[in-house]
Amino acid sequence: MKEALSNQLKQNPAMPMLAVLMILFSTLSPYFFDAINMESIAANNAVILIAAVGMTLVFLTGGIDLSIATVISVSAVMAGVIMGHTDNVLLGVLTAVSVGAAFGLLNGFLIGFLGLSPFITTMGTQLIARGIAFSVSEGIAVQGTPEPVIDFGFALVMGIPKITLVSFAVLLIVGFLVALTSWGRYIILLGSNPLAARYCGLNTRWLELSVYLASGILGGIAGFISIANLGNALPGVGDTLLLIIIGAVVLGGTSMNGGEGSLTKTLFGVAVLAVLTNGLNLLGIPFYDQLMIQGALIFIGYSIAMRLNQAKR
Amino acid sequence: MSFKLLFKQKWLPIAVAALLMSIFLSFVSPAFLTLTNFESVLVQASVTAIMAVGMTFIIILAGIDISVGAILFFVSSLFAQTLNTTGSVALAFSAAVISGCLLGTVNGLLIVRFKVTPLITTLATYTIYRGMALHLTSAQNIPVPREIGWMGNGSFLSIPVPVWWMLVFTVIGIYLLSQTRFGIYCKAIGCSAQSAKESALPINRVNILAYAIGGLCAAVAALILIARVGGLQSGIGIGLEFTVIAAVILGGTKLSGGSGSVAGSVIGAIFLVLIDNGLNLFNASPYIYDIVRGFVLIVAVLVDRVSVIKNQPNALKFKTSSEGN
């Protein structure tokens, strides 16, 4: 029992952090464990969780997807525009997902097939996505979100916001794919030893493409959820999210060097940052002081996680 | 310099691209080929170019510094705040320069001490430095007095001061990279950290120094920027790190480390301004700029990649993880 617990702690270094933060904030603020507060934490982090799932996949292969945050923006804007004209929600979802998929394919093709470095490639597509989001929306919130989408953003099922359920569903489905399919094992092999993956006869090009495609699609889904959550498609919605997404993934203990990490870790990482932001807001800490605490926590969390990973070997 | 040597220079492709761009722009608009416009291009490029000089050393070391924009913001905040409260220009300037070096050094220390990937370390310090800067000024905008405007708008020997700074940093950067032990160590460590370790090179000291230089460059860039803007604004420096990295990459420095060119980075920064200049001539929407920059960046690495594949047909087949992020 004790061993299992200590194993669990080693697996998820963010878990004790989460526990400490929750105890701390619930003693400091009577509102923290309020149902409404819990709902708002869950709803406001659905977008981040979905995108963080995509980033985790990319990190597992040893790559990085800097474009995911602005892919959220561009798919939200495109879906918003389409829905504003047609009032068709399904078409909006399809638009968001296909815009995300298009960026994912572009990234995947450039990185997997042409061998460009993930960092520069996604830095470039990040700019392109942002530029398109801002040109199409002319820099302002897209008007005309259909009522059902806004209602969906507020709806609860057994006290849990529907958009949170969507994010958990995404986490579960992708988690299933990673843990139980050969695709999941291949991407982890690709991340831990690309040369071995090739000598095993894996088609690493398609594998890399599939991962960036998945990340793009998840960005698209996150973009659509952002409309439901905020009520409008905002061209700048992703601008500040990149750091939080990467921060959450590494805080959870997924390594940037590939092969080491899991979606459970990412869930804890997202939860830590979510609780931290919410708790500090409840305590009335100004946002700039929150930034300092956030940055320090990400750094400390990642260095502890890396140390534990090395100790395991 | 013989022709053979010239063709081996890493900055040659970007220099040719910048030249072609200039020729194109001068055909499109008569206003382009004026001395005033030439000066303004250089002044506009100066902030990015100076920061790109520092970033070149960091990238040659196979590192990266995401926090430079935040350092620039912190230095601007500290400068404006010091000037506002004490009124002493000398104090404000020294505080700015020292704090820039210090923040860069902290980056370097964290990276070598805790062995955390430079990307994550500087991502964390990016957040922390921005928080510190906003804390310092309580997120207020602070105007700076006109007298310090010479740093951004003044000229010396009829050449704008920012261009002088750019020249000074370029020359020092080129000298450091090609003529000093520090520069050679940078390349060696970036090429193979393992071999460098086995050859007992001072890896930690070189790393810390490189990040400190990055911080210093950001500090000087901050002084120019705040003088040109005329005060502290809360949006200063956001997204600048990507522009700086783009300039370095366009200049022919590889993200995987080991080799690079200071002159290339500076020309890369100028090239980015030329693109803006061109889009401006066509009255393009400001939102298009991002799209064009993204394309330029991808095309640049694509061209580079194609030339590698042409020279070594196996390059595509044997892509290994050593190419880095």
# chains A, B, ... in the order shown; residues from 1 in each chain; ligands from 1
$ residues_around --residues "Ile14 (chain B)" --least-positions-apart "2" --cutoff "8 Å" --atoms "only C-alpha atoms" --output "count of residues only"
12
$ residues_around --residues "Met22 (chain A)" --least-positions-apart "4" --cutoff "12 Å" --atoms "only C-alpha atoms" --output "PyMOL selection string"
chain A and resi 15-18+26-33+38+271-280
$ residues_around --residues "region 106-119 of chain B" --least-positions-apart "6" --cutoff "7 Å" --atoms "only C-alpha atoms" --output "list in words"
Ser303 of chain A; Gly63, Ile64, Asp65, Ile66, Asn204, Asn207, Ile208 and Tyr211 of chain B
$ select_by_dssp --residues "region 143-200 of chain A" --states "alpha helix (DSSP H)" --output "VMD selection string"
chain A and resid 147 to 154 162 to 180 182 to 192 194 to 199
$ interface_residues --of "chain A" --to "chain B" --cutoff "9 Å" --atoms "only C-alpha atoms" --output "mmCIF file with C-alpha atoms, in the first residue's frame"
data_model
loop_
_atom_site.group_PDB
_atom_site.id
_atom_site.type_symbol
_atom_site.label_atom_id
_atom_site.label_comp_id
_atom_site.auth_asym_id
_atom_site.auth_seq_id
_atom_site.Cartn_x
_atom_site.Cartn_y
_atom_site.Cartn_z
ATOM 1 C CA GLY A 62 10.051 14.367 -28.799
ATOM 2 C CA GLY A 63 8.592 17.215 -30.842
ATOM 3 C CA ILE A 64 6.831 20.415 -29.948
ATOM 4 C CA LEU A 110 6.726 19.582 -43.080
ATOM 5 C CA PHE A 113 8.077 14.105 -44.535
ATOM 6 C CA LEU A 114 10.437 16.997 -45.205
ATOM 7 C CA GLY A 115 12.323 16.661 -41.951
ATOM 8 C CA LEU A 116 12.060 20.278 -40.813
ATOM 9 C CA SER A 117 12.597 21.002 -37.151
ATOM 10 C CA PRO A 118 9.320 20.982 -35.174
ATOM 11 C CA PHE A 119 10.216 24.178 -33.310
ATOM 12 C CA ILE A 120 10.710 26.386 -36.366
ATOM 13 C CA THR A 121 7.958 24.776 -38.413
ATOM 14 C CA THR A 122 5.319 25.258 -35.756
ATOM 15 C CA MET A 123 6.675 28.715 -34.977
ATOM 16 C CA GLY A 124 5.949 29.557 -38.616
ATOM 17 C CA THR A 125 2.506 27.954 -38.710
ATOM 18 C CA GLN A 126 1.736 29.657 -35.400
ATOM 19 C CA LEU A 127 2.228 33.024 -37.091
ATOM 20 C CA ILE A 128 0.189 31.958 -40.117
ATOM 21 C CA ALA A 129 -2.687 30.717 -37.951
ATOM 22 C CA ARG A 130 -2.673 33.887 -35.897
ATOM 23 C CA GLY A 131 -2.564 36.066 -38.981
ATOM 24 C CA ILE A 132 -5.513 34.253 -40.540
ATOM 25 C CA ALA A 133 -7.512 34.409 -37.302
ATOM 26 C CA PHE A 134 -6.986 38.158 -37.051
ATOM 27 C CA SER A 135 -7.508 38.949 -40.754
ATOM 28 C CA GLU A 138 -10.571 41.866 -38.403
ATOM 29 C CA GLY A 139 -9.313 41.666 -34.855
ATOM 30 C CA GLY A 191 10.027 9.523 -28.924
ATOM 31 C CA ASN A 193 14.544 6.208 -29.719
ATOM 32 C CA PRO A 194 13.796 7.370 -33.266
ATOM 33 C CA LEU A 195 16.541 5.265 -34.798
ATOM 34 C CA LEU A 243 2.645 29.046 -22.058
ATOM 35 C CA ILE A 246 3.227 23.791 -22.283
ATOM 36 C CA GLY A 247 3.515 24.642 -18.593
ATOM 37 C CA VAL A 250 5.691 19.706 -18.274
ATOM 38 C CA MET A 256 10.128 17.340 -23.662
ATOM 39 C CA ASN A 257 12.713 14.883 -24.929
ATOM 40 C CA PRO A 286 -2.867 40.628 -8.571
ATOM 41 C CA PHE A 287 -2.347 38.849 -11.883
ATOM 42 C CA TYR A 288 1.298 39.869 -12.148
ATOM 43 C CA ASP A 289 2.158 38.226 -8.856
ATOM 44 C CA GLN A 290 0.315 35.155 -10.087
ATOM 45 C CA LEU A 291 2.611 35.085 -13.120
ATOM 46 C CA MET A 292 5.678 34.914 -10.896
ATOM 47 C CA ILE A 293 4.236 32.092 -8.799
ATOM 48 C CA GLN A 294 3.120 30.230 -11.925
ATOM 49 C CA GLY A 295 6.540 30.469 -13.567
ATOM 50 C CA ALA A 296 8.347 29.353 -10.425
ATOM 51 C CA LEU A 297 5.987 26.422 -9.958
ATOM 52 C CA ILE A 298 6.415 25.253 -13.562
ATOM 53 C CA PHE A 299 10.186 25.353 -13.263
ATOM 54 C CA TYR A 302 9.540 20.151 -14.133
ATOM 55 C CA SER A 303 12.945 19.863 -12.496
ATOM 56 C CA MET A 306 12.953 15.092 -14.413
#
$ atom_distance --atom1 "CA of Asp87 (chain A)" --atom2 "CA of Leu230 (chain A)"
17.4 Å
